[in-house]
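S.K.: Structure incoming, see below.
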Amino acid sequence: MARLQALADNLWVVDSPHAFAGLHIGTRMTVVRLSGGALWLHSPVTIDAALQAEIEALGPVRHIVCPNMFHHMYAAPAAALWPDARRYGPELLRRKRPDLRLDTALSDTPDREWQDDLQPITIQGSLLFETVFYHAASRSLISSDLVENFHGHAHGFTRWYLRMGGILDKVGWHPLLRLLYVRRAKARASLQRVLALPFERLILAHGEIITQDAHAQLRAGLAWLQV
């Protein structure tokens, strides 16, 4: 089952199986312990009793983040575990998931309870409506769907899909998914702001976390967008 993995002080991830349209792409939750001691969960995964106990041993869960229009599938069960946690997501997610109460729409303005720990940047011009977060204490950029980073894959159909998209063993974004970027000039402007941040680690949802040359690898993975 999924378990916490420590990446840095006050920063953990949980990897979990996840399939979409027959693709075994997996997913990843990031957990940040804020300077005040509360926990901030980014893109929740399936949480069983053992993982819940691990998380609660770190501190009280006070914030649950759905970072874009697709990373919300496991948010409702997480919210049921911690009903007092504040919930965040794109404004349009309210329409897509009327069953999922959102307290605050994500934007470039951080919540006052985590503004000292995390800097948000919303990627404009994309139908993903993703907000990424810079965790200055660990020099980590926390994202879901900026890029993918798969080095091989055991699942045949997924491996074929990645190879046909030119992103097997290479940081990138599949050509089919590039269609989600409908206003590329706006997206480029947002991503230039992201690339101006001094991050050394890139946490993503699908594939391996990038810990070496994170800036250069992200820029290369976004070359199709001419960032």
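Chains: A, B, ... in order of the structure tokens. Residues: from 1 per chain. Ligands: from 1, in order shown.
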Considering only strand (DSSP E or B) as DSSP defines it on the backbone, what residues of segment 38-162 of chain A qualify? List them as JSON, numbers by chain.
M.R.: {"A": [39, 40, 41, 42, 61, 62, 63, 64, 65, 86, 87, 88, 89, 104, 105, 118, 119, 120, 121, 122, 126, 131, 132, 133, 134, 135, 140, 141, 142, 148, 149, 150]}
S.K.: Can you write just those residues out, C-alpha atoms, as a PDB file, in the first residue's frame?
M.R.:
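File produced: part-v7.pdb:
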```
ATOM      1  CA  LEU A  39      -0.321  19.735   7.219  1.00  0.00           C
ATOM      2  CA  TRP A  40      -1.064  20.726   3.618  1.00  0.00           C
ATOM      3  CA  LEU A  41      -2.051  17.896   1.247  1.00  0.00           C
ATOM      4  CA  HIS A  42      -1.562  18.355  -2.495  1.00  0.00           C
ATOM      5  CA  VAL A  61      -4.406  18.080   8.354  1.00  0.00           C
ATOM      6  CA  ARG A  62      -5.713  21.592   7.764  1.00  0.00           C
ATOM      7  CA  HIS A  63      -5.499  22.042   3.969  1.00  0.00           C
ATOM      8  CA  ILE A  64      -6.473  19.804   1.016  1.00  0.00           C
ATOM      9  CA  VAL A  65      -5.544  20.996  -2.484  1.00  0.00           C
ATOM     10  CA  ARG A  86      -9.881  23.829   4.177  1.00  0.00           C
ATOM     11  CA  ARG A  87     -10.334  22.747   0.543  1.00  0.00           C
ATOM     12  CA  TYR A  88      -8.865  24.440  -2.528  1.00  0.00           C
ATOM     13  CA  GLY A  89      -9.214  23.963  -6.283  1.00  0.00           C
ATOM     14  CA  THR A 104     -11.242  28.732  -1.780  1.00  0.00           C
ATOM     15  CA  ALA A 105     -10.497  29.031  -5.506  1.00  0.00           C
ATOM     16  CA  LEU A 118       4.276  28.153  -0.338  1.00  0.00           C
ATOM     17  CA  GLN A 119       4.131  30.453  -3.350  1.00  0.00           C
ATOM     18  CA  PRO A 120       1.388  29.613  -5.896  1.00  0.00           C
ATOM     19  CA  ILE A 121       1.523  30.306  -9.622  1.00  0.00           C
ATOM     20  CA  THR A 122      -1.497  29.500 -11.771  1.00  0.00           C
ATOM     21  CA  SER A 126      -4.400  25.861 -20.318  1.00  0.00           C
ATOM     22  CA  THR A 131      -1.709  25.956  -9.949  1.00  0.00           C
ATOM     23  CA  VAL A 132       1.850  24.959  -9.026  1.00  0.00           C
ATOM     24  CA  PHE A 133       3.514  25.721  -5.699  1.00  0.00           C
ATOM     25  CA  TYR A 134       7.067  26.666  -4.779  1.00  0.00           C
ATOM     26  CA  HIS A 135       8.210  25.380  -1.371  1.00  0.00           C
ATOM     27  CA  SER A 140      10.937  22.236  -4.462  1.00  0.00           C
ATOM     28  CA  LEU A 141       8.398  22.970  -7.168  1.00  0.00           C
ATOM     29  CA  ILE A 142       5.213  21.013  -6.475  1.00  0.00           C
ATOM     30  CA  GLU A 148       5.772  13.605 -17.122  1.00  0.00           C
ATOM     31  CA  ASN A 149       8.977  11.658 -16.501  1.00  0.00           C
ATOM     32  CA  PHE A 150       8.819   7.925 -17.210  1.00  0.00           C
TER      33      PHE A 150
END
```
S.K.: Can you tell me, as an MDAnalysis selection string, which residues in segment 32-207 of chain A count as alpha helix (DSSP H) by DSSP?
M.R.: chainID A and resid 49:58 75:81 93:96 156:164 184:195
S.K.: Can you tell me how far atom CA of Tyr74 of chain A sits from atom CA of Gln124 of chain A, in Å to one decimal?
M.R.: 24.4 Å
S.K.: In Å, rounded to a single decimal, give me how far atom CA of Arg219 of chain A is from atom CA of Leu176 of chain A.
M.R.: 19.0 Å
S.K.: Which residues of segment 101-176 of chain A come within 12 Å of segment 17-20 of chain A, and for each one, what is the closest pair of atoms and their distance in Å to one decimal, counting only C-alpha atoms, sorted by chain and residue number, as CSV?
M.R.:
```
residue,atom,partner,partner_atom,distance
A:His155,CA,A:Ala19,CA,11.0
A:Phe157,CA,A:Ala19,CA,11.5
A:Thr158,CA,A:Ala19,CA,9.8
```
S.K.: Taking only C-alpha atoms into account, which of A:Thr46, A:Ser107, A:Ser16, A:Asn68 comes nearest Leu81 of chain A?
M.R.: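 Using only C-alpha atoms, Leu81 of chain A sits closest to A:Thr46.
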S.K.: Pick out the closest residue to Asp84 of chain A from this set: A:Leu177, A:Arg101, A:Val147, A:Asp169. Count only C-alpha atoms.
M.R.: A:Arg101
S.K.: Using only C-alpha atoms, which of the listed residues (A:Ala21, A:Ala136, A:Ala223, A:Trp12) sits closest to Gln115 of chain A?
M.R.: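 Between A:Ala21, A:Ala136, A:Ala223, A:Trp12, the residue approaching Gln115 of chain A most closely is A:Ala136.
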S.K.: Please list as a VMD selection string every residue within 8 Å of Ile47 of chain A, counting only C-alpha atoms and excluding residues in the same chain fewer than 3 positions away.
M.R.: chain A and resid 2 44 50 to 52 77 to 78
S.K.: How far is it from atom CA of His206 of chain A to atom CA of Trp224 of chain A, in Å with one decimal?
M.R.: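 Here the two named atoms are 18.8 Å from each other.
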S.K.: Of the candidates A:Pro175, A:Gly36, A:Gly207, A:Gly125, which shows the shortest atom-to-atom distance to His151 of chain A, using only C-alpha atoms?
M.R.: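 That would be A:Gly207, the residue with the smallest distance to His151 of chain A.
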S.K.: I'd like the neighbourhood of Val182 of chain A as an NGL selection string, where a residue qualifies if any of its atoms comes within 12 Å (using only C-alpha atoms), though same-chain residues fewer than 3 positions away should be ignored.
M.R.: :A and (123-129 or 177-179 or 185-188 or 225)
